[in-house]
file structure39.cif (mmCIF, C-alpha atoms and all ligand atoms)
data_target
loop_
_atom_site.label_atom_id
_atom_site.label_comp_id
_atom_site.auth_asym_id
_atom_site.auth_seq_id
_atom_site.Cartn_x
_atom_site.Cartn_y
_atom_site.Cartn_z
CA MET J 1 -26.03 -15.56 5.15
CA SER J 2 -24.42 -14.65 1.84
CA PRO J 3 -21.60 -16.97 0.80
CA PHE J 4 -18.11 -15.65 1.50
CA GLU J 5 -14.45 -16.61 1.55
CA LEU J 6 -11.89 -15.32 4.01
CA HIS J 7 -8.28 -15.22 2.82
CA TYR J 8 -5.87 -14.90 5.73
CA ALA J 9 -2.14 -14.34 5.12
CA PHE J 10 0.57 -14.34 7.78
CA ARG J 11 4.36 -14.53 7.78
CA ALA J 12 4.57 -17.63 9.98
CA PRO J 13 2.11 -19.76 11.94
CA GLU J 14 3.14 -18.10 15.19
CA HIS J 15 1.94 -14.80 13.72
CA ALA J 16 -1.53 -16.11 12.95
CA ALA J 17 -3.12 -14.63 16.03
CA LEU J 18 -6.66 -14.90 14.68
CA LEU J 19 -6.49 -18.33 13.08
CA ASP J 20 -8.06 -20.36 15.89
CA ASP J 21 -10.99 -17.97 16.18
CA LEU J 22 -11.55 -17.86 12.44
CA THR J 23 -11.43 -21.59 11.93
CA THR J 24 -13.88 -22.02 14.81
CA VAL J 25 -16.36 -19.48 13.48
CA CYS J 26 -16.17 -20.23 9.75
CA PRO J 27 -13.97 -23.30 9.16
CA ASP J 28 -15.10 -23.88 5.58
CA ALA J 29 -14.57 -20.30 4.48
CA VAL J 30 -10.99 -19.73 5.62
CA ARG J 31 -8.08 -20.05 3.21
CA THR J 32 -4.65 -19.46 4.69
CA TYR J 33 -1.31 -18.41 3.25
CA VAL J 34 2.04 -18.60 5.00
CA ASP J 35 3.53 -15.76 3.11
CA GLU J 36 6.71 -13.74 3.66
CA ASP J 37 6.29 -11.31 0.79
CA GLY J 38 2.64 -11.44 -0.22
CA SER J 39 3.25 -13.49 -3.37
CA ALA J 40 1.28 -16.53 -2.19
CA LEU J 41 -1.68 -14.41 -1.18
CA LEU J 42 -1.71 -12.56 -4.49
CA ALA J 43 -1.41 -15.79 -6.46
CA GLY J 44 -4.32 -17.31 -4.56
CA LEU J 45 -6.42 -14.20 -4.91
CA ARG J 46 -5.68 -13.83 -8.60
CA GLU J 47 -7.29 -17.20 -9.14
CA ARG J 48 -10.31 -16.46 -6.97
CA LEU J 49 -10.91 -12.90 -8.17
CA THR J 50 -11.12 -13.97 -11.77
CA ASP J 51 -14.13 -16.23 -11.36
CA GLN J 52 -16.39 -14.48 -8.89
CA PRO J 53 -20.02 -13.93 -9.89
CA LEU J 54 -21.18 -10.42 -10.73
CA GLY J 55 -22.06 -8.53 -7.55
CA THR J 56 -19.30 -10.06 -5.41
CA HIS J 57 -17.60 -7.60 -3.08
CA LEU J 58 -13.98 -7.57 -1.93
CA SER J 59 -13.11 -6.22 1.52
CA VAL J 60 -9.47 -5.86 2.58
CA CYS J 61 -8.00 -5.24 5.99
CA GLY J 62 -4.37 -5.30 7.09
CA PRO J 63 -1.04 -3.55 6.52
CA ALA J 64 -1.24 -0.76 3.95
CA PRO J 65 1.19 -2.31 1.40
CA MET J 66 -0.79 -5.55 1.42
CA MET J 67 -4.09 -3.72 0.96
CA ASP J 68 -2.67 -1.66 -1.89
CA ALA J 69 -1.38 -4.79 -3.62
CA VAL J 70 -4.67 -6.67 -3.29
CA LEU J 71 -6.80 -3.75 -4.43
CA GLY J 72 -4.40 -3.10 -7.31
CA LEU J 73 -4.76 -6.72 -8.37
CA ALA J 74 -8.54 -6.47 -8.26
CA ARG J 75 -8.52 -3.29 -10.36
CA THR J 76 -6.20 -4.94 -12.88
CA LEU J 77 -8.68 -7.77 -13.15
CA GLY J 78 -11.46 -5.32 -13.85
CA TRP J 79 -13.22 -5.09 -10.50
CA PRO J 80 -15.18 -1.82 -10.29
CA GLU J 81 -14.46 0.59 -7.44
CA SER J 82 -18.02 0.14 -6.17
CA ARG J 83 -17.20 -3.46 -5.20
CA LEU J 84 -13.89 -2.72 -3.47
CA HIS J 85 -13.74 -1.94 0.23
CA LEU J 86 -10.90 -1.43 2.65
CA GLU J 87 -10.51 -0.70 6.31
CA ARG J 88 -7.68 1.63 7.16
CA PHE J 89 -6.93 2.01 10.81
CA ALA J 90 -6.69 5.62 11.93
CA LEU J 91 -3.33 5.62 13.63
CA ASP J 92 -2.26 8.53 15.76
CA GLU J 93 -0.12 10.82 13.58
CA ALA J 94 0.96 13.12 16.39
CA PRO J 95 4.50 14.53 15.97
CA ARG J 96 7.31 12.30 17.13
CA ARG J 97 9.76 13.44 19.76
CA PRO J 98 13.01 11.70 20.69
CA PHE J 99 13.05 9.70 23.91
CA SER J 100 15.02 6.95 25.64
CA VAL J 101 14.12 3.57 27.04
CA ARG J 102 15.97 1.36 29.47
CA LEU J 103 15.98 -2.43 29.24
CA LYS J 104 15.26 -4.06 32.56
CA SER J 105 17.41 -7.15 31.93
CA THR J 106 20.64 -5.34 31.07
CA ASP J 107 20.13 -1.71 32.17
CA GLU J 108 21.00 -0.77 28.60
CA VAL J 109 19.68 2.64 27.58
CA ILE J 110 18.47 3.02 24.00
CA ASP J 111 17.87 6.40 22.42
CA VAL J 112 14.96 6.65 20.02
CA PRO J 113 15.35 9.63 17.67
CA GLU J 114 12.28 11.19 16.13
CA GLU J 115 12.89 9.57 12.76
CA LEU J 116 12.84 6.03 14.18
CA THR J 117 10.17 3.97 15.84
CA LEU J 118 10.98 2.29 19.12
CA LEU J 119 10.88 -1.06 17.32
CA GLU J 120 13.43 0.16 14.77
CA ALA J 121 15.69 1.52 17.50
CA LEU J 122 15.56 -1.85 19.31
CA GLU J 123 16.33 -3.69 16.08
CA ASP J 124 19.27 -1.39 15.40
CA ARG J 125 20.73 -2.54 18.72
CA GLY J 126 20.20 -6.19 17.84
CA ILE J 127 17.20 -6.68 20.10
CA GLU J 128 14.59 -8.82 18.41
CA VAL J 129 10.95 -8.15 19.09
CA PRO J 130 8.39 -10.20 17.17
CA TYR J 131 6.32 -8.15 14.78
CA LEU J 132 3.87 -8.50 11.96
CA CYS J 133 2.10 -5.34 10.80
CA ARG J 134 4.48 -2.66 12.12
CA GLN J 135 1.44 -0.37 12.17
CA GLY J 136 0.03 -0.82 15.66
CA VAL J 137 -2.71 -3.11 14.44
CA CYS J 138 -1.88 -6.78 15.07
CA GLY J 139 -0.56 -6.77 18.64
CA GLU J 140 2.34 -9.01 17.72
CA CYS J 141 5.02 -6.68 19.08
CA ARG J 142 3.35 -6.14 22.47
CA THR J 143 6.11 -5.45 24.96
CA PRO J 144 5.79 -5.27 28.76
CA VAL J 145 6.47 -1.91 30.44
CA VAL J 146 7.71 -1.88 34.02
CA ASP J 147 8.10 1.87 34.54
CA GLY J 148 7.22 5.14 32.86
CA THR J 149 4.14 6.11 30.86
CA PRO J 150 3.73 5.03 27.23
CA ASP J 151 2.35 7.34 24.57
CA HIS J 152 0.00 4.77 23.03
CA ARG J 153 -0.41 5.22 19.27
CA ASP J 154 -1.71 1.78 18.35
CA VAL J 155 -5.23 0.59 17.68
CA PHE J 156 -4.75 -2.80 19.33
CA LEU J 157 -4.88 -2.18 23.07
CA THR J 158 -8.20 -1.63 24.77
CA ALA J 159 -8.86 1.54 26.75
CA ASP J 160 -8.35 -0.40 29.98
CA GLU J 161 -5.04 -1.82 28.76
CA ARG J 162 -3.89 1.65 27.74
CA ALA J 163 -4.81 3.00 31.13
CA ALA J 164 -2.95 0.17 32.86
CA GLY J 165 0.19 1.29 31.02
CA ASP J 166 1.98 -2.02 31.52
CA ALA J 167 2.51 -2.80 27.84
CA LEU J 168 3.05 -0.94 24.60
CA MET J 169 3.38 -1.57 20.88
CA PRO J 170 6.93 -0.45 20.02
CA CYS J 171 6.17 -0.37 16.29
CA VAL J 172 4.19 2.85 16.76
CA SER J 173 3.99 3.88 20.42
CA ARG J 174 6.44 6.18 22.13
CA CYS J 175 7.04 7.69 25.56
CA ALA J 176 4.69 10.14 27.26
CA ARG J 177 6.59 10.33 30.54
CA GLY J 178 9.90 8.70 31.33
CA PRO J 179 12.03 7.06 32.25
CA LEU J 180 10.41 4.31 30.22
CA VAL J 181 11.63 0.89 31.28
CA LEU J 182 10.83 -2.17 29.18
CA ASP J 183 10.78 -5.75 30.42
CA LEU J 184 13.29 -6.86 27.80
S1 LIG J 201 3.85 -5.22 14.81
FE1 LIG J 201 1.68 -5.19 14.77
S2 LIG J 201 1.19 -3.96 16.50
FE2 LIG J 201 3.34 -3.81 16.35
#
call {"tool": "encode", "arguments": {"input": "structure39.cif", "output": "structure tokens"}}
result
Amino acid sequence: MSPFELHYAFRAPEHAALLDDLTTVCPDAVRTYVDEDGSALLAGLRERLTDQPLGTHLSVCGPAPMMDAVLGLARTLGWPESRLHLERFALDEAPRRPFSVRLKSTDEVIDVPEELTLLEALEDRGIEVPYLCRQGVCGECRTPVVDGTPDHRDVFLTADERAAGDALMPCVSRCARGPLVLDL
């Protein structure tokens, strides 16, 4: 196998959903960063990207702003486009329509206008849902659904989990058929 390093950044240890798997599979290759704003990751990468042998490739996967920052750093350091790779997740860009959700614990009804995500609407009402990517990728914001049919727009849930309809990612997913009731 070709030598490699894996640089894994997350906002807090509880958001490092893949860490156990990665350190099991390739313990010597993983470098971690607890990083609120990306500065630690970029500082670590700046050091590593400057001394890689010719022919080294850089592959980036994660939230778009992070990928843009890392690839921008690599370009600044002179990495050619032919050695830069990224994986963008093809999120569902279907038009947004307004909808409402009800919270099971309080019976509170929350309106979600088309310009907001469900996660943003919950936050606006002071309801905290853990999140990481806000792009339907990481699964961190997974929220149980007790009634209604979600309009799944994430790339995290499996086909079976989508079909079950008992959870959704409020950072991107919306309502296909209401009333949508969340176990919050
Ligand atoms: S915050 Fe990552 S899937 Fe919602």
call {"tool": "atom_distance", "arguments": {"input": "structure39.cif", "atom1": "atom CA of J:Tyr33", "atom2": "atom CA of J:Met1"}}
result
25.0 Å
call {"tool": "atom_distance", "arguments": {"input": "structure39.cif", "atom1": "atom CA of J:Gly38", "atom2": "atom CA of J:Met67"}}
result
10.3 Å
call {"tool": "residues_near_ligand", "arguments": {"input": "structure39.cif", "ligand": "ligand LIG 201 (chain J)", "cutoff": "9 Å", "atoms": "all atoms listed in the file", "output": "compact mmCIF listing (two decimals) with C-alpha atoms, in the coordinates of the input"}}
result
# COMPACT_ATOMS: atom_id res chain seq x y z
CA PRO J 63 -1.04 -3.55 6.52
CA LEU J 119 10.88 -1.06 17.32
CA VAL J 129 10.95 -8.15 19.09
CA PRO J 130 8.39 -10.20 17.17
CA TYR J 131 6.32 -8.15 14.78
CA LEU J 132 3.87 -8.50 11.96
CA CYS J 133 2.10 -5.34 10.80
CA ARG J 134 4.48 -2.66 12.12
CA GLN J 135 1.44 -0.37 12.17
CA GLY J 136 0.03 -0.82 15.66
CA VAL J 137 -2.71 -3.11 14.44
CA CYS J 138 -1.88 -6.78 15.07
CA GLY J 139 -0.56 -6.77 18.64
CA GLU J 140 2.34 -9.01 17.72
CA CYS J 141 5.02 -6.68 19.08
CA ARG J 142 3.35 -6.14 22.47
CA ASP J 154 -1.71 1.78 18.35
CA VAL J 155 -5.23 0.59 17.68
CA PHE J 156 -4.75 -2.80 19.33
CA LEU J 168 3.05 -0.94 24.60
CA MET J 169 3.38 -1.57 20.88
CA PRO J 170 6.93 -0.45 20.02
CA CYS J 171 6.17 -0.37 16.29
CA VAL J 172 4.19 2.85 16.76
CA SER J 173 3.99 3.88 20.42
call {"tool": "atom_distance", "arguments": {"input": "structure39.cif", "atom1": "atom CA of J:Asp166", "atom2": "atom CA of J:Leu182"}}
result
9.2 Å
call {"tool": "closest_atom_pairs", "arguments": {"input": "structure39.cif", "of": "stretch 67-99 of chain J", "to": "stretch 50-59 of chain J", "cutoff": "7 Å", "atoms": "only C-alpha atoms", "output": "JSON lines"}}
result
{"residue": "J:Leu77", "atom": "CA", "partner": "J:Thr50", "partner_atom": "CA", "distance": 6.8}
{"residue": "J:Arg83", "atom": "CA", "partner": "J:His57", "partner_atom": "CA", "distance": 4.7}
{"residue": "J:Leu84", "atom": "CA", "partner": "J:Leu58", "partner_atom": "CA", "distance": 5.1}
{"residue": "J:His85", "atom": "CA", "partner": "J:Ser59", "partner_atom": "CA", "distance": 4.5}
{"residue": "J:Leu86", "atom": "CA", "partner": "J:Ser59", "partner_atom": "CA", "distance": 5.4}
call {"tool": "closest_residue", "arguments": {"input": "structure39.cif", "among": "J:Asp28, J:Asp160, J:Glu14, J:Asp183", "to": "J:Glu108", "atoms": "all atoms listed in the file"}}
result
J:Asp183
call {"tool": "residues_near_point", "arguments": {"input": "structure39.cif", "point": "(4.6, 11.1, 27.6)", "cutoff": "7 Å", "atoms": "all atoms listed in the file", "output": "PyMOL selection string"}}
result
chain J and resi 149-151+175-178
call {"tool": "residues_around", "arguments": {"input": "structure39.cif", "residues": "J:Val181", "least_positions_apart": "3", "cutoff": "7 Å", "atoms": "all atoms listed in the file", "output": "ChimeraX atom specification"}}
result
/J:101-104,145-148
call {"tool": "residues_around", "arguments": {"input": "structure39.cif", "residues": "J:Leu22", "least_positions_apart": "3", "cutoff": "12 Å", "atoms": "all atoms listed in the file", "output": "PyMOL selection string"}}
result
chain J and resi 5-8+16-19+25-32
call {"tool": "residues_around", "arguments": {"input": "structure39.cif", "residues": "J:Pro98", "least_positions_apart": "3", "cutoff": "7 Å", "atoms": "only C-alpha atoms", "output": "PDB file with C-alpha atoms, keeping the file's coordinate frame"}}
result
ATOM      1  CA  VAL J 112      14.960   6.650  20.020  1.00  0.00           C
ATOM      2  CA  PRO J 113      15.350   9.630  17.670  1.00  0.00           C
ATOM      3  CA  GLU J 114      12.280  11.190  16.130  1.00  0.00           C
TER       4      GLU J 114
END
call {"tool": "axis_aligned_box", "arguments": {"input": "structure39.cif", "around": "stretch 97-109 of chain J", "padding_each_side": "8 Å", "output": "AutoDock Vina command-line options"}}
result
--center_x 15.4 --center_y 3.1 --center_z 26.2 --size_x 27.2 --size_y 36.6 --size_z 28.8
call {"tool": "closest_residue", "arguments": {"input": "structure39.cif", "among": "J:Ala121, J:Ser82, J:Arg174, J:Pro179", "to": "J:Arg96", "atoms": "all atoms listed in the file"}}
result
J:Arg174
call {"tool": "closest_residue", "arguments": {"input": "structure39.cif", "among": "J:Ala159, J:Thr143, J:Leu41, J:Gly62", "to": "J:Glu87", "atoms": "only C-alpha atoms"}}
result
J:Gly62
call {"tool": "residues_around", "arguments": {"input": "structure39.cif", "residues": "J:Gly78", "least_positions_apart": "5", "cutoff": "10 Å", "atoms": "only C-alpha atoms", "output": "PyMOL selection string"}}
result
chain J and resi 49-50+72-73
call {"tool": "closest_residue", "arguments": {"input": "structure39.cif", "among": "J:Ala43, J:Ile127, J:Ala9, J:Ala167", "to": "J:Met66", "atoms": "all atoms listed in the file"}}
result
J:Ala9
call {"tool": "build_atoms", "arguments": {"input": "structure39.cif", "residues": "stretch 47-60 of chain J", "atoms": "N, CA, C and O atoms", "output": "PDB file, keeping the file's coordinate frame"}}
result
ATOM      1  N   GLU J  47      -6.438 -16.104  -8.682  1.00  0.00           N
ATOM      2  CA  GLU J  47      -7.290 -17.200  -9.140  1.00  0.00           C
ATOM      3  C   GLU J  47      -8.746 -16.980  -8.717  1.00  0.00           C
ATOM      4  O   GLU J  47      -9.669 -17.124  -9.508  1.00  0.00           O
ATOM      5  N   ARG J  48      -8.948 -16.593  -7.480  1.00  0.00           N
ATOM      6  CA  ARG J  48     -10.310 -16.460  -6.970  1.00  0.00           C
ATOM      7  C   ARG J  48     -11.014 -15.221  -7.515  1.00  0.00           C
ATOM      8  O   ARG J  48     -12.225 -15.231  -7.739  1.00  0.00           O
ATOM      9  N   LEU J  49     -10.268 -14.154  -7.729  1.00  0.00           N
ATOM     10  CA  LEU J  49     -10.910 -12.900  -8.170  1.00  0.00           C
ATOM     11  C   LEU J  49     -11.324 -12.952  -9.638  1.00  0.00           C
ATOM     12  O   LEU J  49     -12.110 -12.133 -10.084  1.00  0.00           O
ATOM     13  N   THR J  50     -10.778 -13.910 -10.348  1.00  0.00           N
ATOM     14  CA  THR J  50     -11.120 -13.970 -11.770  1.00  0.00           C
ATOM     15  C   THR J  50     -12.435 -14.696 -12.014  1.00  0.00           C
ATOM     16  O   THR J  50     -12.997 -14.584 -13.106  1.00  0.00           O
ATOM     17  N   ASP J  51     -12.925 -15.443 -11.055  1.00  0.00           N
ATOM     18  CA  ASP J  51     -14.130 -16.230 -11.360  1.00  0.00           C
ATOM     19  C   ASP J  51     -15.262 -15.991 -10.360  1.00  0.00           C
ATOM     20  O   ASP J  51     -16.058 -16.880 -10.084  1.00  0.00           O
ATOM     21  N   GLN J  52     -15.298 -14.778  -9.822  1.00  0.00           N
ATOM     22  CA  GLN J  52     -16.390 -14.480  -8.890  1.00  0.00           C
ATOM     23  C   GLN J  52     -17.622 -13.987  -9.656  1.00  0.00           C
ATOM     24  O   GLN J  52     -17.498 -13.267 -10.651  1.00  0.00           O
ATOM     25  N   PRO J  53     -18.809 -14.384  -9.205  1.00  0.00           N
ATOM     26  CA  PRO J  53     -20.020 -13.930  -9.890  1.00  0.00           C
ATOM     27  C   PRO J  53     -20.206 -12.420  -9.775  1.00  0.00           C
ATOM     28  O   PRO J  53     -19.721 -11.795  -8.821  1.00  0.00           O
ATOM     29  N   LEU J  54     -20.890 -11.851 -10.737  1.00  0.00           N
ATOM     30  CA  LEU J  54     -21.180 -10.420 -10.730  1.00  0.00           C
ATOM     31  C   LEU J  54     -21.862 -10.056  -9.415  1.00  0.00           C
ATOM     32  O   LEU J  54     -22.733 -10.776  -8.939  1.00  0.00           O
ATOM     33  N   GLY J  55     -21.440  -8.949  -8.812  1.00  0.00           N
ATOM     34  CA  GLY J  55     -22.060  -8.530  -7.550  1.00  0.00           C
ATOM     35  C   GLY J  55     -21.234  -8.919  -6.339  1.00  0.00           C
ATOM     36  O   GLY J  55     -21.540  -8.513  -5.216  1.00  0.00           O
ATOM     37  N   THR J  56     -20.172  -9.701  -6.532  1.00  0.00           N
ATOM     38  CA  THR J  56     -19.300 -10.060  -5.410  1.00  0.00           C
ATOM     39  C   THR J  56     -18.526  -8.834  -4.949  1.00  0.00           C
ATOM     40  O   THR J  56     -18.114  -8.001  -5.764  1.00  0.00           O
ATOM     41  N   HIS J  57     -18.369  -8.711  -3.641  1.00  0.00           N
ATOM     42  CA  HIS J  57     -17.600  -7.600  -3.080  1.00  0.00           C
ATOM     43  C   HIS J  57     -16.292  -8.118  -2.505  1.00  0.00           C
ATOM     44  O   HIS J  57     -16.209  -9.257  -2.046  1.00  0.00           O
ATOM     45  N   LEU J  58     -15.288  -7.248  -2.499  1.00  0.00           N
ATOM     46  CA  LEU J  58     -13.980  -7.570  -1.930  1.00  0.00           C
ATOM     47  C   LEU J  58     -13.684  -6.570  -0.819  1.00  0.00           C
ATOM     48  O   LEU J  58     -13.673  -5.354  -1.055  1.00  0.00           O
ATOM     49  N   SER J  59     -13.473  -7.072   0.382  1.00  0.00           N
ATOM     50  CA  SER J  59     -13.110  -6.220   1.520  1.00  0.00           C
ATOM     51  C   SER J  59     -11.721  -6.599   1.989  1.00  0.00           C
ATOM     52  O   SER J  59     -11.429  -7.787   2.158  1.00  0.00           O
ATOM     53  N   VAL J  60     -10.864  -5.613   2.228  1.00  0.00           N
ATOM     54  CA  VAL J  60      -9.470  -5.860   2.580  1.00  0.00           C
ATOM     55  C   VAL J  60      -9.140  -5.147   3.880  1.00  0.00           C
ATOM     56  O   VAL J  60      -9.534  -3.993   4.085  1.00  0.00           O
TER      57      VAL J  60
END
